[in-house]
4 protein chains.
Amino acid sequence: MSSTFGKILRLSVFGQSHSAGIGFSLDGFPAGFPVDMEALSAFMSRRAPGKNEYSTPRREKDIPEFISGIVDGVTCGAPIAAVIFNSDVKKNDYANLKSVPRPGHADFTAEIKYGGYQDKTGGGHFSGRLTAPICAAGALCIQLLKSRGIEVAAHIKAIHGVCDAPMSPENILSARDKPFPVISDEAGEDMRREIADAKSRGDSVGGIIECAVLGLPPGVGDPMFDGMENRIAGAAFAVPAIKGIEFGAGFGAASMYGTENNDPFYCDGTDVRTSTNNSGGILGGITTGMPLVFSCAVKPTPSVATPQKSVDMVSGQNCNLEIHGRHDPCIVPRAVPCIEAAAALAVTDALIECGIIAKGSI
Amino acid sequence: MSSTFGKILRLSVFGQSHSAGIGFSLDGFPAGFPVDMEALSAFMSRRAPGKNEYSTPRREKDIPEFISGIVDGVTCGAPIAAVIFNSDVKKNDYANLKSVPRPGHADFTAEIKYGGYQDKTGGGHFSGRLTAPICAAGALCIQLLKSRGIEVAAHIKAIHGVCDAPMSPENILSARDKPFPVISDEAGEDMRREIADAKSRGDSVGGIIECAVLGLPPGVGDPMFDGMENRIAGAAFAVPAIKGIEFGAGFGAASMYGTENNDPFYCDGTDVRTSTNNSGGILGGITTGMPLVFSCAVKPTPSVATPQKSVDMVSGQNCNLEIHGRHDPCIVPRAVPCIEAAAALAVTDALIECGIIAKGSI
Amino acid sequence: MSSTFGKILRLSVFGQSHSAGIGFSLDGFPAGFPVDMEALSAFMSRRAPGKNEYSTPRREKDIPEFISGIVDGVTCGAPIAAVIFNSDVKKNDYANLKSVPRPGHADFTAEIKYGGYQDKTGGGHFSGRLTAPICAAGALCIQLLKSRGIEVAAHIKAIHGVCDAPMSPENILSARDKPFPVISDEAGEDMRREIADAKSRGDSVGGIIECAVLGLPPGVGDPMFDGMENRIAGAAFAVPAIKGIEFGAGFGAASMYGTENNDPFYCDGTDVRTSTNNSGGILGGITTGMPLVFSCAVKPTPSVATPQKSVDMVSGQNCNLEIHGRHDPCIVPRAVPCIEAAAALAVTDALIECGIIAKGSI
Amino acid sequence: MSSTFGKILRLSVFGQSHSAGIGFSLDGFPAGFPVDMEALSAFMSRRAPGKNEYSTPRREKDIPEFISGIVDGVTCGAPIAAVIFNSDVKKNDYANLKSVPRPGHADFTAEIKYGGYQDKTGGGHFSGRLTAPICAAGALCIQLLKSRGIEVAAHIKAIHGVCDAPMSPENILSARDKPFPVISDEAGEDMRREIADAKSRGDSVGGIIECAVLGLPPGVGDPMFDGMENRIAGAAFAVPAIKGIEFGAGFGAASMYGTENNDPFYCDGTDVRTSTNNSGGILGGITTGMPLVFSCAVKPTPSVATPQKSVDMVSGQNCNLEIHGRHDPCIVPRAVPCIEAAAALAVTDALIECGIIAKGSI
């Protein structure tokens with residue numbers, strides 16, 4: 001099931017960085033939903049490469065061609081499949097990587113697992129490019145959620161230690177929709193300087209993405225192994241470079257007293273709400289009705305121009321490695337929609353499973 | 001699947017805090033493995049309540065009675081099922097909680113999800129007590145892994161901001177086996193003071209648990225949704241109070257340069273190793289052969305003696321809540337073996353799936 | 001997942017014929033359902049051994065002790081677990097079988113798969129006794145279905161070539177509730193003679209069980225791999241001795257013209273119905289609203305008193321085998337409730353998945 | 001999971017009869033296997049329409065375009081995805097079917113399930129055309145199995161009551177490879193007359209397909225819900241028109257004595273074999289090492305030229321329906337490779353799960 005996610009809403013992802021195409025099949029999406037293809041393209045373009053100075057100059061239009069599941073613009077209940085054909089492929093860039101694994105990449109582990117038969121060009125199936133189908137499938141979920149009053153929005157919480165202003169349900173939507181999705185544009189400027197600085201030094205930087213799902217009713221998710229934390233983590237760790245996830249106060253809660261961390265309940269008309277949201281909107285794996293909030297740690301892009309130490313797996317000797325080709329000095333901005341997509345997939349699956357979104361037809 | 005974990009090695013957990021018993025069924029464990037019941041009991045006793053001043057005085061022997069799957073002390077290939085019968089149950093302690101949800105607990109979300117039919121005594125199915133069957137099943141995996149030269153060991157990395165000394169493959173095994181599992185006993189003393197202090201104030205504290213899996217071969221795990229991160233997170237978030245997880249440098253990587261965070265490869269005889277381990281032994285979801293290292297954030301025990309604000313769900317009014325009964329001021333020490341167990345379950349499942357541990361019989 | 005069934009409603013079965021007990025955990029059953037323990041016992045007694053002259057004299061009360069999931073007689077949303085403790089165990093009967101596999105049994109295949117570590121007494125995990133937990137879990141589903149106006153009923157369609165009268169929605173319920181569940185008592189007499197005759201000759205006979213699910217709405221089930229046929233077959237083949245399954249006209253359809261086999265639609269008020277039901281109430285994997293009807297072939301009990309040819313797996317020599325112990329000359333009557341239970345589990349899972357039965361609470 | 005099959009080897013199928021294309025993603029196929037594209041095409045052509053007088057004149061080349069998972073002709077461990085673009089689509093043929101469900105088709109149940117949003121042209125996702133991707137994926141498995149000495153072969157056992165000669169491991173391979181796959185060409189002639197006769201009368205006929213998997217080692221498969229019967233049935237019922245399945249003697253066993261039906265074991269050198277094979281090579285869900293044999297009942301093609309009774313779902317009135325368009329008077333011949341493909345998928349998944357075929361790379 002390595003490329004399959006979800007219980008009722010099943011995503012299956014395929015493709016390699018330099019295969020004929022990459023794509024997905026999404027099984028279990030309700031029939032009768034009109035897909036907004038423009039909104040989908042707009043969402044995809046947030047992830048697309050080649051947009052600005054800190055992203056790879058590889059240019060892919062990244063327009064999914066829908067093969068099935070949509071009739072006259074409306075979902076029909078059959079699996080929704082799409083292919084993004086790869087166009088701008090430069091195989092030569094990767095020639096020298098074939099026997100020398102890049103530090104921080106999956107080259108070495110793929111070599112061991114697939115016995116040398118893995119697709120070695122451009123990271124193969126491990127490439128960040130595989131997040132494009134995740135985004136396309138997630139975009140469908142985001143539209144469906146939006147039609148139910150549920151918004152998924154993420155921002156760049158930090159890059160290389162430079163932090164954004166605190167997120168709130170009020171400021172997150174407008175931050176999401178910026179070209180550089182931050183709450184504080186000043187912080188955004190500082191972050192970009194960090195990225196430009198790293199790039200100029202042949203290096204890369206990481207960061208943190210914070211994501212909120214607003215408008216979720218309480219009661220979604222399940223105890224133990226099917227909690228919202230388990231589900232979202234299960235999707236988010238599919239995005240390469242994600243090395244940590246925390247919900248609500250997360251690791252911060254480890255330094256708090258119970259009386260600080262506990263979110264007091266209060267009555268808001270007939271609703272029950274909490275005056276703080278350290279739980280990130282999840283108690284016992286189940287949504288509280290408060291914003292579902294989580295953050296993901298994104299490691300620095302492993303492909304850096306600076307020469308690195310590695311080994312030649314053919315000769316069994318230590319060696320130096322210089323990586324050429326096209327690489328983002330910071331993938332955090334492009335990973336923002338990927339995290340939204342991952343969250344949307346997990347949340348939609350849970351909503352269908354608990355019957356709040358009907359299975360079959362809307 | 002809320003109480004079910006694993007792909008080939010399937011764990012199914014059942015029970016409530018105050019039901020007749022709690023237990024598990026573990027399907028897919030190889031036949032022919034001699035179970036060391038003493039070692040299993042010793043492992044269980046690390047989680048058991050009532051041992052010392054910072055844990056609940058509820059006393060349960062927590063001895064699993066094996067119902068099936070083991071013949072004359074040796075696994076037979078059939079599902080291994082065990083029940084821990086609940087004995088020391090005081091239902092009255094929870095009477096006043098029935099309509100007033102405890103902040104930080106699943107009382108409110110369970111009420112919404114199960115329409116008031118959930119077992120309200122002692123947290124029901126959401127109780128930390130349900131980690132006992134996870135530990136028992138995990139203990140079987142830990143023994144199996146040990147027989148293959150793989151050790152699972154965790155320590156208390158921090159409590160309420162007081163940090164343990166850095167972990168290494170050399171010091172983690174002895175730390176694990178201490179009554180208070182820390183590397184630096186001095187730090188341990190400070191931690192205990194934090195706990196005692198919180199307790200004296202009717203409060204609680206959280207912390208961080210760091211876990212290592214030593215001796216894993218490279219090549220275990222799968223890309224995308226079945227990476228070791230996804231698998232371990234899927235198990236670890238089943239432990240109540242876990243609100244974050246990070247692998248290797250984790251959130252720290254977000255502040256690093258690529259050249260710092262990348263782990264350089266080098267040849268160690270015929271093995272390939274990395275000189276640092278910021279990846280936590282996982283690249284592309286697949287093990288590198290270096291120690292698999294991750295940390296979990298544990299929130300402070302939500303049950304505190306200090307009165308808290310909540311709501312009465314029957315009257316729909318705000319109210320104050322005083323929690324009586326028996327509660328740990330810090331569950332971190334008892335959660336240490338739970339995290340080891342969760343890791344062992346996920347790792348063993350992955351090892352069976354990739355054929356390194358045979359399915360069927362050992 | 002060998003002992004696990006279902007997508008949303010997950011059954012996990014454990015135990016061996018002669019282990020301390022056998023049991024199940026059923027995860028995903030809605031909260032708030034009052035369990036009728038008397039009805040459950042009555043259902044279990046239809047499967048129980050030792051009732052009459054053609055069933056094994058092994059006497060087990062087969063009363064499940066519920067460990068969790070039910071509070072004050074009402075389901076609470078947590079997994080429902082139960083154990084049936086084995087009492088009447090005679091291990092000696094099986095001593096000579098340990099190295100000589102019984103023809104028609106799983107002794108040989110288990111030996112290969114589990115490397116000799118399998119529980120060899122009484123068929124171990126492969127024993128027909130493991131249908132008791134399936135029946136107990138199925139009985140819960142049958143009660144839930146009944147509360148929604150859905151009845152599950154099976155009868156003995158044939159034994160050793162002697163056929164019952166044709167089933168109809170009108171006669172199946174009363175047939176189900178007879179001690180010997182047939183429509184025609186005359187045919188039942190003939191069947192019993194076949195069984196008695198086989199028994200007197202140290203032999204055994206098989207038969208066919210036909211099962212109907214009445215009252216299902218149209219629209220339940222899914223296309224392709226999750227059709228009602230796939231789901232029910234997936235459950236029914238867990239009952240040992242089942243070697244075939246057919247839906248509606250089944251194998252008979254292979255000899256029909258399309259114009260005969262097609263079920264014409266007609267309007268029955270606002271409902272759409274079919275004037276025949278050769279489809280067995282399933283088109284495209286999805287229920288039509290007509291009775292869901294299927295039949296299962298049950299092979300003759302493999303344990304017969306007549307000496308048989310086998311091999312000694314220790315010496316590697318051909319040998320003769322005489323089976324002693326307690327064995328039904330015909331398990332068809334006792335398998336009737338097992339098939340009902342299997343159908344109920346599959347149908348309830350599908351109803352929960354499509355939202356007709358709510359997940360969470362009723 | 002309605003369009004997803006398998007545990008370790010996961011097939012995901014997508015497409016509708018008249019969507020842009022149909023296809024599949026197959027996740028978990030080992031790396032390093034050289035795909036024989038000619039053999040794959042040859043296999044696909046056995047299912048392809050338009051070949052002869054009893055199959056629909058719709059002409060599709062049915063050549064899968066591989067999108068991913070194969071590099072330079074060799075599998076790379078990433079999901080293998082392929083699309084068959086639909087070319088010869090005549091939407092008008094289906095115009096009058098939109099409100100009048102065809103008897104024996106899924107039109108009515110799809111309407112209920114998908115609320116009228118389903119793709120109504122050509123059967124949509126329920127079309128027999130969706131077996132093309134199943135065949136393509138199955139063809140990969142068949143090649144992999146063949147490389148391990150395992151052959152999958154099926155023949156037409158009966159059409160409209162006309163039976164083929166009995167199958168044996170010796171005659172099945174050559175029968176499989178005939179244009180009209182029967183053992184007795186004489187019986188084949190009679191079958192064709194039945195088909196031609198039905199066609200001339202505006203009618204259709206069904207039949208039975210028998211399939212054998214030769215060369216399987218003993219020990220493959222699992223007890224209870226993951227037996228080879230459950231697995232194969234789970235795949236085979238995805239082929240539209242399949243209404244029954246039986247293993248070995250199947251329904252015939254219902255009329256046998258135990259002493260007849262039991263397969264006596266004997267020593268064949270160091271192997272253990274059985275002198276008969278009424279079990280169909282499966283005991284306790286696990287392979288015996290004898291040929292795995294099963295049969296599937298195929299109902300007559302529901303689309304017949306003869307006018308039929310149906311209902312108009314818009315007006316709510318009874319009506320007559322005349323079906324135009326292109327339809328096979330008998331789909332049995334074209335279903336033969338589909339059943340082989342379904343068996344191959346289930347068997348390969350089980351072989352990978354039990355480690356006989358390595359996961360990762362070959």
# chains A, B, ... in the order shown; residues from 1 in each chain; ligands from 1
>>> closest_atom_pairs(of="chain C", to="chain A", cutoff="10 Å", atoms="only C-alpha atoms", output="JSON lines")
{"residue": "C:Lys7", "atom": "CA", "partner": "A:Lys7", "partner_atom": "CA", "distance": 7.9}
{"residue": "C:Ile8", "atom": "CA", "partner": "A:Glu353", "partner_atom": "CA", "distance": 7.9}
{"residue": "C:Gly28", "atom": "CA", "partner": "A:Asp222", "partner_atom": "CA", "distance": 9.6}
{"residue": "C:Ala78", "atom": "CA", "partner": "A:Pro223", "partner_atom": "CA", "distance": 8.9}
{"residue": "C:Gly219", "atom": "CA", "partner": "A:Gly360", "partner_atom": "CA", "distance": 8.9}
{"residue": "C:Val220", "atom": "CA", "partner": "A:Gly360", "partner_atom": "CA", "distance": 9.6}
{"residue": "C:Gly221", "atom": "CA", "partner": "A:Gly360", "partner_atom": "CA", "distance": 9.9}
{"residue": "C:Asp222", "atom": "CA", "partner": "A:Gly360", "partner_atom": "CA", "distance": 8.9}
{"residue": "C:Pro223", "atom": "CA", "partner": "A:Ala78", "partner_atom": "CA", "distance": 8.9}
{"residue": "C:Ile352", "atom": "CA", "partner": "A:Glu353", "partner_atom": "CA", "distance": 8.8}
{"residue": "C:Glu353", "atom": "CA", "partner": "A:Glu353", "partner_atom": "CA", "distance": 6.9}
{"residue": "C:Cys354", "atom": "CA", "partner": "A:Lys359", "partner_atom": "CA", "distance": 5.6}
{"residue": "C:Gly355", "atom": "CA", "partner": "A:Gly355", "partner_atom": "CA", "distance": 5.6}
{"residue": "C:Ile356", "atom": "CA", "partner": "A:Gly355", "partner_atom": "CA", "distance": 9.0}
{"residue": "C:Ile357", "atom": "CA", "partner": "A:Gly355", "partner_atom": "CA", "distance": 9.4}
{"residue": "C:Ala358", "atom": "CA", "partner": "A:Gly355", "partner_atom": "CA", "distance": 7.0}
{"residue": "C:Lys359", "atom": "CA", "partner": "A:Cys354", "partner_atom": "CA", "distance": 5.6}
{"residue": "C:Gly360", "atom": "CA", "partner": "A:Cys354", "partner_atom": "CA", "distance": 7.0}
>>> write_last_selection(atoms="N, CA, C and O atoms", output="PDB file, in the first residue's frame")
ATOM      1  N   LYS C   7     -14.377  -3.657   6.481  1.00  0.00           N
ATOM      2  CA  LYS C   7     -13.720  -2.397   6.191  1.00  0.00           C
ATOM      3  C   LYS C   7     -13.964  -1.372   7.299  1.00  0.00           C
ATOM      4  O   LYS C   7     -13.021  -0.793   7.824  1.00  0.00           O
ATOM      5  N   ILE C   8     -15.207  -1.143   7.627  1.00  0.00           N
ATOM      6  CA  ILE C   8     -15.532  -0.180   8.677  1.00  0.00           C
ATOM      7  C   ILE C   8     -15.877  -0.933   9.949  1.00  0.00           C
ATOM      8  O   ILE C   8     -15.478  -0.557  11.050  1.00  0.00           O
ATOM      9  N   GLY C  28     -16.100  -1.021  15.483  1.00  0.00           N
ATOM     10  CA  GLY C  28     -16.867  -0.205  14.547  1.00  0.00           C
ATOM     11  C   GLY C  28     -18.364  -0.418  14.640  1.00  0.00           C
ATOM     12  O   GLY C  28     -19.129   0.157  13.864  1.00  0.00           O
ATOM     13  N   ALA C  78     -16.978   1.301  21.760  1.00  0.00           N
ATOM     14  CA  ALA C  78     -15.649   0.671  21.832  1.00  0.00           C
ATOM     15  C   ALA C  78     -15.746  -0.726  21.224  1.00  0.00           C
ATOM     16  O   ALA C  78     -16.845  -1.284  21.125  1.00  0.00           O
ATOM     17  N   GLY C 219     -29.017  -0.069  -3.505  1.00  0.00           N
ATOM     18  CA  GLY C 219     -27.905   0.887  -3.446  1.00  0.00           C
ATOM     19  C   GLY C 219     -26.795   0.528  -2.485  1.00  0.00           C
ATOM     20  O   GLY C 219     -25.868   1.316  -2.287  1.00  0.00           O
ATOM     21  N   VAL C 220     -26.822  -0.662  -1.883  1.00  0.00           N
ATOM     22  CA  VAL C 220     -25.797  -1.054  -0.915  1.00  0.00           C
ATOM     23  C   VAL C 220     -24.723  -1.877  -1.617  1.00  0.00           C
ATOM     24  O   VAL C 220     -25.031  -2.801  -2.363  1.00  0.00           O
ATOM     25  N   GLY C 221     -23.481  -1.574  -1.336  1.00  0.00           N
ATOM     26  CA  GLY C 221     -22.366  -2.274  -1.976  1.00  0.00           C
ATOM     27  C   GLY C 221     -21.709  -1.369  -3.002  1.00  0.00           C
ATOM     28  O   GLY C 221     -22.140  -0.225  -3.207  1.00  0.00           O
ATOM     29  N   ASP C 222     -20.684  -1.869  -3.618  1.00  0.00           N
ATOM     30  CA  ASP C 222     -19.864  -1.050  -4.495  1.00  0.00           C
ATOM     31  C   ASP C 222     -19.471  -1.847  -5.721  1.00  0.00           C
ATOM     32  O   ASP C 222     -19.495  -3.071  -5.706  1.00  0.00           O
ATOM     33  N   PRO C 223     -19.042  -1.164  -6.757  1.00  0.00           N
ATOM     34  CA  PRO C 223     -18.632  -1.894  -7.956  1.00  0.00           C
ATOM     35  C   PRO C 223     -17.306  -2.635  -7.770  1.00  0.00           C
ATOM     36  O   PRO C 223     -16.572  -2.379  -6.819  1.00  0.00           O
ATOM     37  N   ILE C 352     -22.963   0.146   6.915  1.00  0.00           N
ATOM     38  CA  ILE C 352     -22.284   1.220   7.650  1.00  0.00           C
ATOM     39  C   ILE C 352     -21.453   2.036   6.671  1.00  0.00           C
ATOM     40  O   ILE C 352     -21.462   3.267   6.699  1.00  0.00           O
ATOM     41  N   GLU C 353     -20.771   1.364   5.761  1.00  0.00           N
ATOM     42  CA  GLU C 353     -19.915   2.099   4.830  1.00  0.00           C
ATOM     43  C   GLU C 353     -20.714   3.064   3.971  1.00  0.00           C
ATOM     44  O   GLU C 353     -20.277   4.181   3.714  1.00  0.00           O
ATOM     45  N   CYS C 354     -21.911   2.629   3.563  1.00  0.00           N
ATOM     46  CA  CYS C 354     -22.677   3.540   2.700  1.00  0.00           C
ATOM     47  C   CYS C 354     -23.569   4.471   3.502  1.00  0.00           C
ATOM     48  O   CYS C 354     -24.313   5.263   2.927  1.00  0.00           O
ATOM     49  N   GLY C 355     -23.457   4.417   4.832  1.00  0.00           N
ATOM     50  CA  GLY C 355     -24.108   5.427   5.655  1.00  0.00           C
ATOM     51  C   GLY C 355     -25.550   5.131   6.008  1.00  0.00           C
ATOM     52  O   GLY C 355     -26.190   5.926   6.698  1.00  0.00           O
ATOM     53  N   ILE C 356     -26.083   3.985   5.574  1.00  0.00           N
ATOM     54  CA  ILE C 356     -27.472   3.665   5.894  1.00  0.00           C
ATOM     55  C   ILE C 356     -27.590   3.301   7.375  1.00  0.00           C
ATOM     56  O   ILE C 356     -28.545   3.653   8.038  1.00  0.00           O
ATOM     57  N   ILE C 357     -26.592   2.592   7.866  1.00  0.00           N
ATOM     58  CA  ILE C 357     -26.457   2.461   9.319  1.00  0.00           C
ATOM     59  C   ILE C 357     -25.355   3.429   9.715  1.00  0.00           C
ATOM     60  O   ILE C 357     -24.264   3.409   9.147  1.00  0.00           O
ATOM     61  N   ALA C 358     -25.652   4.303  10.663  1.00  0.00           N
ATOM     62  CA  ALA C 358     -24.692   5.340  11.028  1.00  0.00           C
ATOM     63  C   ALA C 358     -23.484   4.738  11.705  1.00  0.00           C
ATOM     64  O   ALA C 358     -23.594   3.792  12.481  1.00  0.00           O
ATOM     65  N   LYS C 359     -22.333   5.279  11.393  1.00  0.00           N
ATOM     66  CA  LYS C 359     -21.133   4.953  12.156  1.00  0.00           C
ATOM     67  C   LYS C 359     -21.121   5.861  13.393  1.00  0.00           C
ATOM     68  O   LYS C 359     -21.569   6.992  13.328  1.00  0.00           O
ATOM     69  N   GLY C 360     -20.592   5.384  14.489  1.00  0.00           N
ATOM     70  CA  GLY C 360     -20.538   6.212  15.685  1.00  0.00           C
ATOM     71  C   GLY C 360     -21.620   5.760  16.614  1.00  0.00           C
ATOM     72  O   GLY C 360     -21.457   4.806  17.359  1.00  0.00           O
TER      73      GLY C 360
END
>>> residues_around(residues="Met167 in chain D", least_positions_apart="2", cutoff="10 Å", atoms="only C-alpha atoms", output="list in words")
Ala154, His155, Ile156, Lys157, Asp164, Ala165, Pro169, Glu170, Asn171, Ile172, Leu173, Ala175, Val182, Ile183, Ser184, Glu210, Cys211, Ala212 and Val293 of chain D
>>> atom_distance(atom1="CA of Asp328 in chain D", atom2="CA of Ser275 in chain C")
24.8 Å
>>> closest_residue(among="C:Ala187, C:Leu26, C:Ile323, C:Cys338", to="Ala236 in chain C", atoms="only C-alpha atoms")
C:Cys338
>>> residues_around(residues="Ala137 in chain C", least_positions_apart="3", cutoff="8 Å", atoms="only C-alpha atoms", output="PyMOL selection string")
chain C and resi 11+24+26+133-134+140-141+341+345
>>> select_by_dssp(residues="range 147-315 of chain D", states="alpha helix (DSSP H)", output="PyMOL selection string")
chain D and resi 147+172-176+185-200+228-236+258-261
>>> atom_distance(atom1="CA of Met44 in chain B", atom2="CA of Phe180 in chain B")
14.6 Å
>>> select_by_dssp(residues="range 221-307 of chain D", states="strand (DSSP E)", output="list of chain:residue names")
D:Ile242, D:Lys243, D:Gly244, D:Ile245, D:Glu246, D:Phe247, D:Phe265, D:Tyr266, D:Cys267, D:Asp268, D:Asp271, D:Val272, D:Arg273, D:Thr274, D:Ile282, D:Leu283, D:Ile286, D:Thr287, D:Leu292, D:Val293, D:Phe294, D:Ser295, D:Cys296, D:Ala297, D:Val298
>>> atom_distance(atom1="CA of Ile84 in chain C", atom2="CA of Ala136 in chain C")
9.6 Å
>>> residues_around(residues="Ser19 in chain D", least_positions_apart="3", cutoff="12 Å", atoms="only C-alpha atoms", output="ChimeraX atom specification")
/A:65-72,75-76,78-82 /D:14-16,22-23,83-91,118-125,127,129-130
>>> residues_around(residues="Pro179 in chain B", least_positions_apart="4", cutoff="12 Å", atoms="only C-alpha atoms", output="ChimeraX atom specification")
/B:42-43,45-48,51-52,155-156,174-175,183,185,188,333-334,336-337
>>> write_last_selection(atoms="N, CA, C and O atoms", output="CSV table (one decimal), in the first residue's frame")
chain,number,residue,atom,x,y,z
B,42,ALA,N,8.2,-8.2,32.9
B,42,ALA,CA,9.1,-7.2,33.3
B,42,ALA,C,8.9,-5.9,32.5
B,42,ALA,O,8.9,-4.8,33.0
B,43,PHE,N,8.6,-6.2,31.2
B,43,PHE,CA,8.3,-5.0,30.3
B,43,PHE,C,7.0,-4.4,30.7
B,43,PHE,O,6.9,-3.1,30.8
B,45,SER,N,5.7,-4.3,33.6
B,45,SER,CA,5.8,-3.6,34.8
B,45,SER,C,6.3,-2.2,34.7
B,45,SER,O,6.1,-1.4,35.6
B,46,ARG,N,7.1,-2.0,33.6
B,46,ARG,CA,7.6,-0.6,33.4
B,46,ARG,C,6.4,0.4,33.1
B,46,ARG,O,6.6,1.6,33.4
B,47,ARG,N,5.3,-0.1,32.6
B,47,ARG,CA,4.2,0.7,32.3
B,47,ARG,C,3.2,0.7,33.5
B,47,ARG,O,2.3,1.6,33.6
B,48,ALA,N,3.2,-0.3,34.3
B,48,ALA,CA,2.2,-0.5,35.3
B,48,ALA,C,2.0,0.6,36.2
B,48,ALA,O,3.0,1.3,36.6
B,51,LYS,N,3.4,2.2,40.9
B,51,LYS,CA,4.8,1.8,41.3
B,51,LYS,C,5.5,2.9,42.2
B,51,LYS,O,6.3,2.5,43.1
B,52,ASN,N,5.2,4.1,42.0
B,52,ASN,CA,5.9,5.1,42.8
B,52,ASN,C,5.1,6.4,43.1
B,52,ASN,O,3.9,6.4,42.8
B,155,HIS,N,14.2,6.7,26.2
B,155,HIS,CA,14.4,7.3,27.4
B,155,HIS,C,13.6,8.6,27.5
B,155,HIS,O,13.0,9.1,26.5
B,156,ILE,N,13.6,9.2,28.7
B,156,ILE,CA,12.9,10.5,28.9
B,156,ILE,C,13.9,11.5,28.4
B,156,ILE,O,14.9,11.8,29.1
B,174,SER,N,21.3,1.1,28.5
B,174,SER,CA,21.3,1.1,30.0
B,174,SER,C,20.3,2.1,30.6
B,174,SER,O,19.7,1.9,31.6
B,175,ALA,N,20.1,3.2,29.9
B,175,ALA,CA,19.1,4.2,30.3
B,175,ALA,C,17.7,3.5,30.3
B,175,ALA,O,17.0,3.7,31.3
B,183,ILE,N,19.4,9.1,30.8
B,183,ILE,CA,20.8,8.8,30.6
B,183,ILE,C,21.6,9.5,31.8
B,183,ILE,O,22.4,8.9,32.4
B,185,ASP,N,21.5,10.7,35.4
B,185,ASP,CA,20.7,10.5,36.7
B,185,ASP,C,20.5,11.9,37.3
B,185,ASP,O,19.5,12.1,38.0
B,188,GLY,N,17.7,13.3,35.8
B,188,GLY,CA,16.5,12.6,36.2
B,188,GLY,C,16.0,13.1,37.6
B,188,GLY,O,14.8,13.2,37.8
B,333,PRO,N,7.1,8.9,32.3
B,333,PRO,CA,7.8,7.7,32.6
B,333,PRO,C,7.1,6.4,32.2
B,333,PRO,O,7.7,5.5,31.6
B,334,ARG,N,5.8,6.4,32.5
B,334,ARG,CA,5.0,5.2,32.1
B,334,ARG,C,4.8,5.1,30.6
B,334,ARG,O,4.5,4.0,30.1
B,336,VAL,N,7.0,5.7,28.4
B,336,VAL,CA,8.3,5.3,27.7
B,336,VAL,C,8.1,3.9,27.1
B,336,VAL,O,8.4,3.7,25.9
B,337,PRO,N,7.7,2.8,27.9
B,337,PRO,CA,7.6,1.5,27.2
B,337,PRO,C,6.5,1.5,26.2
B,337,PRO,O,6.5,0.7,25.3
>>> residues_around(residues="Gly250 in chain A", least_positions_apart="5", cutoff="10 Å", atoms="only C-alpha atoms", output="list in words")
Ile245, Ser255, Asn278, Ser279, Gly280, Val293, Phe294 and Ser295 of chain A; Ala241, Ile242, Lys243, Gly244, Ile245, Cys296, Ala297, Val298 and Lys299 of chain B
>>> residues_around(residues="Ser204 in chain A", least_positions_apart="5", cutoff="9 Å", atoms="only C-alpha atoms", output="number ranges by chain")
A: 195, 197-199, 300-305, 328-331; B: 256-259
>>> write_last_selection(atoms="C-alpha atoms", output="CSV table (one decimal), in the first residue's frame")
chain,number,residue,atom,x,y,z
A,195,ILE,CA,16.6,31.6,1.0
A,197,ASP,CA,21.5,33.9,1.0
A,198,ALA,CA,21.5,30.1,1.2
A,199,LYS,CA,21.2,29.9,-2.6
A,300,PRO,CA,16.4,21.7,3.9
A,301,THR,CA,16.5,20.6,0.3
A,302,PRO,CA,19.1,17.8,0.2
A,303,SER,CA,20.3,18.7,-3.2
A,304,VAL,CA,22.9,21.5,-2.7
A,305,ALA,CA,25.5,22.8,-5.1
A,328,ASP,CA,15.1,24.7,-5.1
A,329,PRO,CA,17.2,26.2,-2.4
A,330,CYS,CA,14.1,26.0,-0.2
A,331,ILE,CA,11.1,23.8,-0.9
B,256,MET,CA,19.5,24.1,9.5
B,257,TYR,CA,21.3,24.5,6.3
B,258,GLY,CA,21.2,21.6,3.8
B,259,THR,CA,24.9,21.1,4.2
